[in-house]
>>> print(open('query.cif').read())   # mmCIF, C-alpha atoms
data_protein
loop_
_atom_site.label_atom_id
_atom_site.label_comp_id
_atom_site.auth_asym_id
_atom_site.auth_seq_id
_atom_site.Cartn_x
_atom_site.Cartn_y
_atom_site.Cartn_z
CA MET A 212 0.00 0.00 0.00
CA THR A 213 1.33 3.41 -0.98
CA GLU A 214 1.62 6.08 1.67
CA LYS A 215 -0.47 9.16 0.97
CA THR A 216 1.35 12.44 0.40
CA TYR A 217 -1.57 14.50 1.64
CA SER A 218 -3.80 14.69 4.67
CA MET A 219 -7.57 14.30 4.61
CA LYS A 220 -7.89 17.92 5.71
CA GLU A 221 -5.73 19.08 2.76
CA ALA A 222 -7.75 16.93 0.35
CA LEU A 223 -11.08 18.26 1.61
CA ILE A 224 -9.97 21.90 1.62
CA PHE A 225 -8.52 21.67 -1.89
CA SER A 226 -11.56 19.82 -3.30
CA GLN A 227 -14.03 22.27 -1.79
CA ARG A 228 -11.93 25.31 -2.74
CA ILE A 229 -11.77 24.26 -6.39
CA ALA A 230 -15.44 23.23 -6.42
CA GLN A 231 -16.66 26.55 -5.04
CA LEU A 232 -14.32 28.65 -7.19
CA SER A 233 -15.28 26.64 -10.28
CA LYS A 234 -18.98 27.07 -9.59
CA ALA A 235 -18.62 30.83 -9.09
CA LEU A 236 -16.50 31.18 -12.20
CA TRP A 237 -18.81 28.98 -14.28
CA LYS A 238 -21.84 31.08 -13.28
CA SER A 239 -20.17 34.18 -14.73
CA ILE A 240 -18.87 32.33 -17.78
CA GLU A 241 -22.30 30.87 -18.46
CA LYS A 242 -23.97 34.30 -18.24
CA ASP A 243 -21.33 35.89 -20.52
CA TRP A 244 -21.58 33.03 -23.02
CA GLN A 245 -25.38 33.08 -23.11
CA GLN A 246 -25.46 36.86 -23.64
CA TRP A 247 -22.95 36.57 -26.51
CA ILE A 248 -24.85 33.87 -28.43
CA LYS A 249 -28.42 34.98 -27.59
CA PRO A 250 -28.92 37.09 -30.78
CA TYR A 251 -28.18 33.94 -32.83
CA ASP A 252 -30.84 31.84 -31.08
CA LEU A 253 -28.23 29.32 -29.91
CA ASN A 254 -27.67 27.73 -26.55
CA ILE A 255 -24.24 26.95 -25.11
CA ASN A 256 -24.22 23.31 -26.26
CA GLU A 257 -25.20 24.30 -29.80
CA HIS A 258 -22.53 26.98 -29.99
CA HIS A 259 -19.95 24.58 -28.59
CA ILE A 260 -20.89 21.97 -31.22
CA LEU A 261 -20.51 24.54 -34.01
CA TRP A 262 -17.11 25.53 -32.56
CA ILE A 263 -15.92 21.92 -32.40
CA ALA A 264 -17.21 21.06 -35.89
CA TYR A 265 -15.41 24.12 -37.27
CA HIS A 266 -12.07 23.43 -35.61
CA LEU A 267 -12.12 19.68 -36.28
CA ASN A 268 -13.32 20.27 -39.85
CA GLY A 269 -15.83 17.49 -39.51
CA ALA A 270 -16.10 15.58 -36.27
CA SER A 271 -17.76 12.39 -35.17
CA ILE A 272 -20.57 12.68 -32.65
CA SER A 273 -18.22 10.87 -30.24
CA ASP A 274 -15.59 13.57 -30.80
CA VAL A 275 -18.18 16.29 -30.23
CA ALA A 276 -19.22 14.63 -26.98
CA LYS A 277 -15.63 14.15 -25.82
CA PHE A 278 -14.36 17.62 -26.68
CA GLY A 279 -17.63 19.31 -25.74
CA VAL A 280 -17.61 17.54 -22.36
CA MET A 281 -21.15 16.28 -22.86
CA HIS A 282 -22.92 12.94 -23.07
CA VAL A 283 -23.09 11.35 -26.54
CA SER A 284 -26.90 11.61 -26.56
CA THR A 285 -26.65 15.32 -25.72
CA ALA A 286 -24.14 15.86 -28.54
CA PHE A 287 -26.37 13.96 -30.97
CA ASN A 288 -29.62 15.67 -29.96
CA PHE A 289 -28.23 19.21 -30.14
CA SER A 290 -26.42 18.39 -33.40
CA LYS A 291 -29.74 17.17 -34.79
CA LYS A 292 -31.35 20.51 -33.89
CA LEU A 293 -28.51 22.32 -35.65
CA GLU A 294 -29.00 20.09 -38.70
CA GLU A 295 -32.73 20.94 -38.74
CA ARG A 296 -31.78 24.64 -38.78
CA GLY A 297 -29.41 24.03 -41.70
CA LEU A 298 -26.26 24.81 -39.70
CA LEU A 299 -24.79 21.27 -39.66
CA GLN A 300 -24.97 18.28 -41.93
CA PHE A 301 -24.67 14.65 -40.91
CA SER A 302 -22.68 12.11 -42.87
CA LYS A 303 -21.10 8.67 -42.72
CA LYS A 304 -17.63 7.92 -44.00
CA GLU A 305 -17.16 5.21 -46.59
CA ASN A 306 -14.60 3.45 -44.39
CA ASP A 307 -16.46 4.08 -41.10
CA LYS A 308 -20.18 3.36 -41.26
CA ARG A 309 -20.52 3.01 -37.48
CA ASN A 310 -19.88 6.68 -36.62
CA THR A 311 -21.96 9.68 -37.56
CA TYR A 312 -20.02 12.80 -38.50
CA VAL A 313 -21.05 16.44 -38.46
CA GLN A 314 -19.80 19.17 -40.74
CA LEU A 315 -20.68 22.86 -40.74
CA THR A 316 -22.81 24.05 -43.62
CA GLU A 317 -22.03 27.40 -45.24
CA GLU A 318 -24.74 28.95 -43.08
CA GLY A 319 -23.31 27.30 -39.95
CA GLU A 320 -19.85 28.64 -40.71
CA SER A 321 -21.31 32.07 -41.47
CA ILE A 322 -23.05 32.17 -38.07
CA LEU A 323 -19.91 31.03 -36.26
CA LEU A 324 -17.80 33.67 -38.03
CA SER A 325 -20.44 36.30 -37.30
CA LEU A 326 -20.35 35.32 -33.62
CA MET A 327 -16.58 35.76 -33.56
CA ASP A 328 -17.01 39.15 -35.23
CA SER A 329 -19.61 40.21 -32.66
CA PHE A 330 -17.49 39.32 -29.61
CA GLU A 331 -17.21 42.31 -27.30
CA PRO A 332 -14.58 41.87 -24.55
CA ASP A 333 -16.08 44.75 -22.56
CA ASN A 334 -19.31 42.73 -22.18
CA ASN A 335 -17.45 39.74 -20.74
CA VAL A 336 -17.25 39.79 -16.93
CA VAL A 337 -14.63 37.03 -16.73
CA PHE A 338 -12.41 38.76 -19.28
CA SER A 339 -12.80 42.06 -17.43
CA GLY A 340 -11.89 40.30 -14.19
CA THR A 341 -8.51 39.33 -15.69
CA LEU A 342 -7.59 42.84 -16.89
CA PRO A 343 -5.97 43.88 -13.59
CA LEU A 344 -3.70 40.82 -13.87
CA LYS A 345 -2.81 41.72 -17.47
CA GLU A 346 -2.02 45.26 -16.39
CA LEU A 347 0.11 44.01 -13.50
CA TYR A 348 2.01 41.25 -15.33
CA GLY A 349 1.77 42.46 -18.93
CA LYS A 350 -0.11 39.35 -20.08
CA PHE A 351 -3.24 37.38 -19.42
CA PRO A 352 -3.00 34.49 -16.92
CA ASP A 353 -1.68 31.26 -18.45
CA ILE A 354 -3.83 29.21 -16.06
CA ILE A 355 -1.30 26.44 -16.52
CA GLU A 356 -2.22 24.67 -13.29
CA ILE A 357 -5.87 24.41 -14.35
CA MET A 358 -4.79 23.15 -17.76
CA ALA A 359 -2.63 20.51 -16.06
CA ILE A 360 -5.58 19.37 -13.95
CA VAL A 361 -7.83 19.17 -17.04
CA ARG A 362 -5.11 17.27 -18.94
CA ASN A 363 -4.91 14.74 -16.08
CA ILE A 364 -8.68 14.29 -16.14
CA TYR A 365 -9.45 14.33 -19.90
CA GLY A 366 -6.12 13.37 -21.44
CA ASP A 367 -3.70 14.64 -24.05
CA ASP A 368 -6.19 14.32 -26.96
CA PHE A 369 -8.55 16.74 -25.26
CA MET A 370 -5.80 19.29 -24.66
CA GLU A 371 -4.49 18.90 -28.21
CA ILE A 372 -7.89 19.86 -29.63
CA PHE A 373 -8.27 22.59 -27.01
CA GLU A 374 -4.98 24.18 -28.07
CA LYS A 375 -5.56 23.57 -31.79
CA SER A 376 -8.76 25.59 -31.79
CA PHE A 377 -6.88 28.60 -30.44
CA SER A 378 -3.99 28.00 -32.81
CA ASN A 379 -6.52 28.01 -35.68
CA ILE A 380 -7.79 31.40 -34.55
CA GLU A 381 -4.21 32.69 -34.30
CA THR A 382 -3.29 31.54 -37.83
CA GLN A 383 -6.58 31.83 -39.72
CA PHE A 384 -7.89 35.17 -38.48
CA VAL A 385 -6.72 38.77 -38.49
CA GLU A 386 -7.86 41.70 -36.42
CA GLU A 387 -9.15 44.65 -38.43
CA GLU A 388 -10.58 47.71 -36.74
CA GLY A 389 -11.04 45.84 -33.48
CA LYS A 390 -12.89 42.90 -35.07
CA LEU A 391 -11.77 39.39 -36.01
CA ARG A 392 -11.97 38.51 -39.69
CA LYS A 393 -11.16 35.23 -41.38
CA LYS A 394 -8.12 35.58 -43.63
CA GLU A 395 -8.96 35.48 -47.31
CA GLY A 396 -8.44 32.05 -48.86
CA LYS A 397 -8.48 30.28 -45.46
CA ASN A 398 -11.24 27.79 -46.19
CA GLU A 399 -9.34 24.70 -45.16
CA LYS A 400 -8.83 24.01 -41.47
CA GLU A 401 -5.38 22.89 -40.49
CA PHE A 402 -6.55 20.12 -38.19
CA VAL A 403 -8.43 17.15 -39.59
#
>>> encode(input="query.cif", output="structure tokens")
Amino acid sequence: MTEKTYSMKEALIFSQRIAQLSKALWKSIEKDWQQWIKPYDLNINEHHILWIAYHLNGASISDVAKFGVMHVSTAFNFSKKLEERGLLQFSKKENDKRNTYVQLTEEGESILLSLMDSFEPDNNVVFSGTLPLKELYGKFPDIIEIMAIVRNIYGDDFMEIFEKSFSNIETQFVEEEGKLRKKEGKNEKEFV
């Protein structure tokens, strides 16, 4: 039997500290997110599915569930609603008939790009809450410890997709007059 490197008191305090901080942070994130996507008649799961489908350039429902941190039935049901609205299309691959894949339609991509264009940092409480740290340290927090915890829970694949989506934004978009615009000729995603 391995000797524990922590006490029960430490374990309880840490677990409750992260639970309460996460809940408080999530409440603000959820409100910010919902306000951002409300004009597009999307909910958080639907927006997240569009985001994943865009950055994976076609993803299986299993991938959507894994990277969207949702149950497979949730991923399927919300994807189906997006398909009914003409924002996603379902397909099967010739060499993989077992999995269902989703791909953004032109309208789905247009809405996602419009959402990115409409992002207003000043309307984001969580972003605003980090500004004093940026002013103090000259950069936004890396949150590396949280990323390490998430990596240990969800694995390297999850973090690879997580980072790739932000890398895609870095390489495929430019900022013009305070708005994000997709670079001309950037129709192909770099991650398949």
>>> resolve_selection(input="query.cif", expression="the PyMOL selection byres ((chain A and resi 245) around 12)", output="list in words")
Trp237, Lys238, Ser239, Ile240, Glu241, Lys242, Asp243, Trp244, Gln246, Trp247, Ile248, Lys249, Pro250, Tyr251, Asp252, Leu253, Asn254, Ile255, Asn256, Glu257, His258, His259, Leu326, Phe330, Asn334 and Asn335 of chain A
>>> atom_distance(input="query.cif", atom1="CA of Met370 in chain A", atom2="CA of Ala276 in chain A")
14.4 Å
>>> closest_residue(input="query.cif", among="A:His266, A:Lys220, A:Arg228, A:Lys390", to="Leu315 in chain A", atoms="all atoms listed in the file")
A:His266
>>> atom_distance(input="query.cif", atom1="CA of Gln227 in chain A", atom2="CA of Ile357 in chain A")
15.1 Å
>>> atom_distance(input="query.cif", atom1="CA of Met358 in chain A", atom2="CA of Glu214 in chain A")
26.6 Å
>>> resolve_selection(input="query.cif", expression="the PyMOL selection byres ((chain A and resi 277-279) around 7)", output="VMD selection string")
chain A and resid 259 to 260 273 to 276 280 to 281 369
>>> axis_aligned_box(input="query.cif", around="range 268-286 of chain A", padding_each_side="5 Å", output="lines of an AutoDock Vina configuration file")
center_x = -20.1
center_y = 15.6
center_z = -31.1
size_x = 23.6
size_y = 19.4
size_z = 27.5
>>> closest_residue(input="query.cif", among="A:Thr316, A:Ser233, A:Asn268, A:Ser284", to="Ser376 in chain A", atoms="only C-alpha atoms")
A:Asn268
>>> resolve_selection(input="query.cif", expression="the PyMOL selection byres ((chain A and resi 320) around 12)", output="count of residues only")
31
>>> residues_around(input="query.cif", residues="Glu381 in chain A", least_positions_apart="6", cutoff="12 Å", atoms="all atoms listed in the file", output="JSON, numbers by chain")
{"A": [374, 375, 391, 392, 393, 394, 401]}
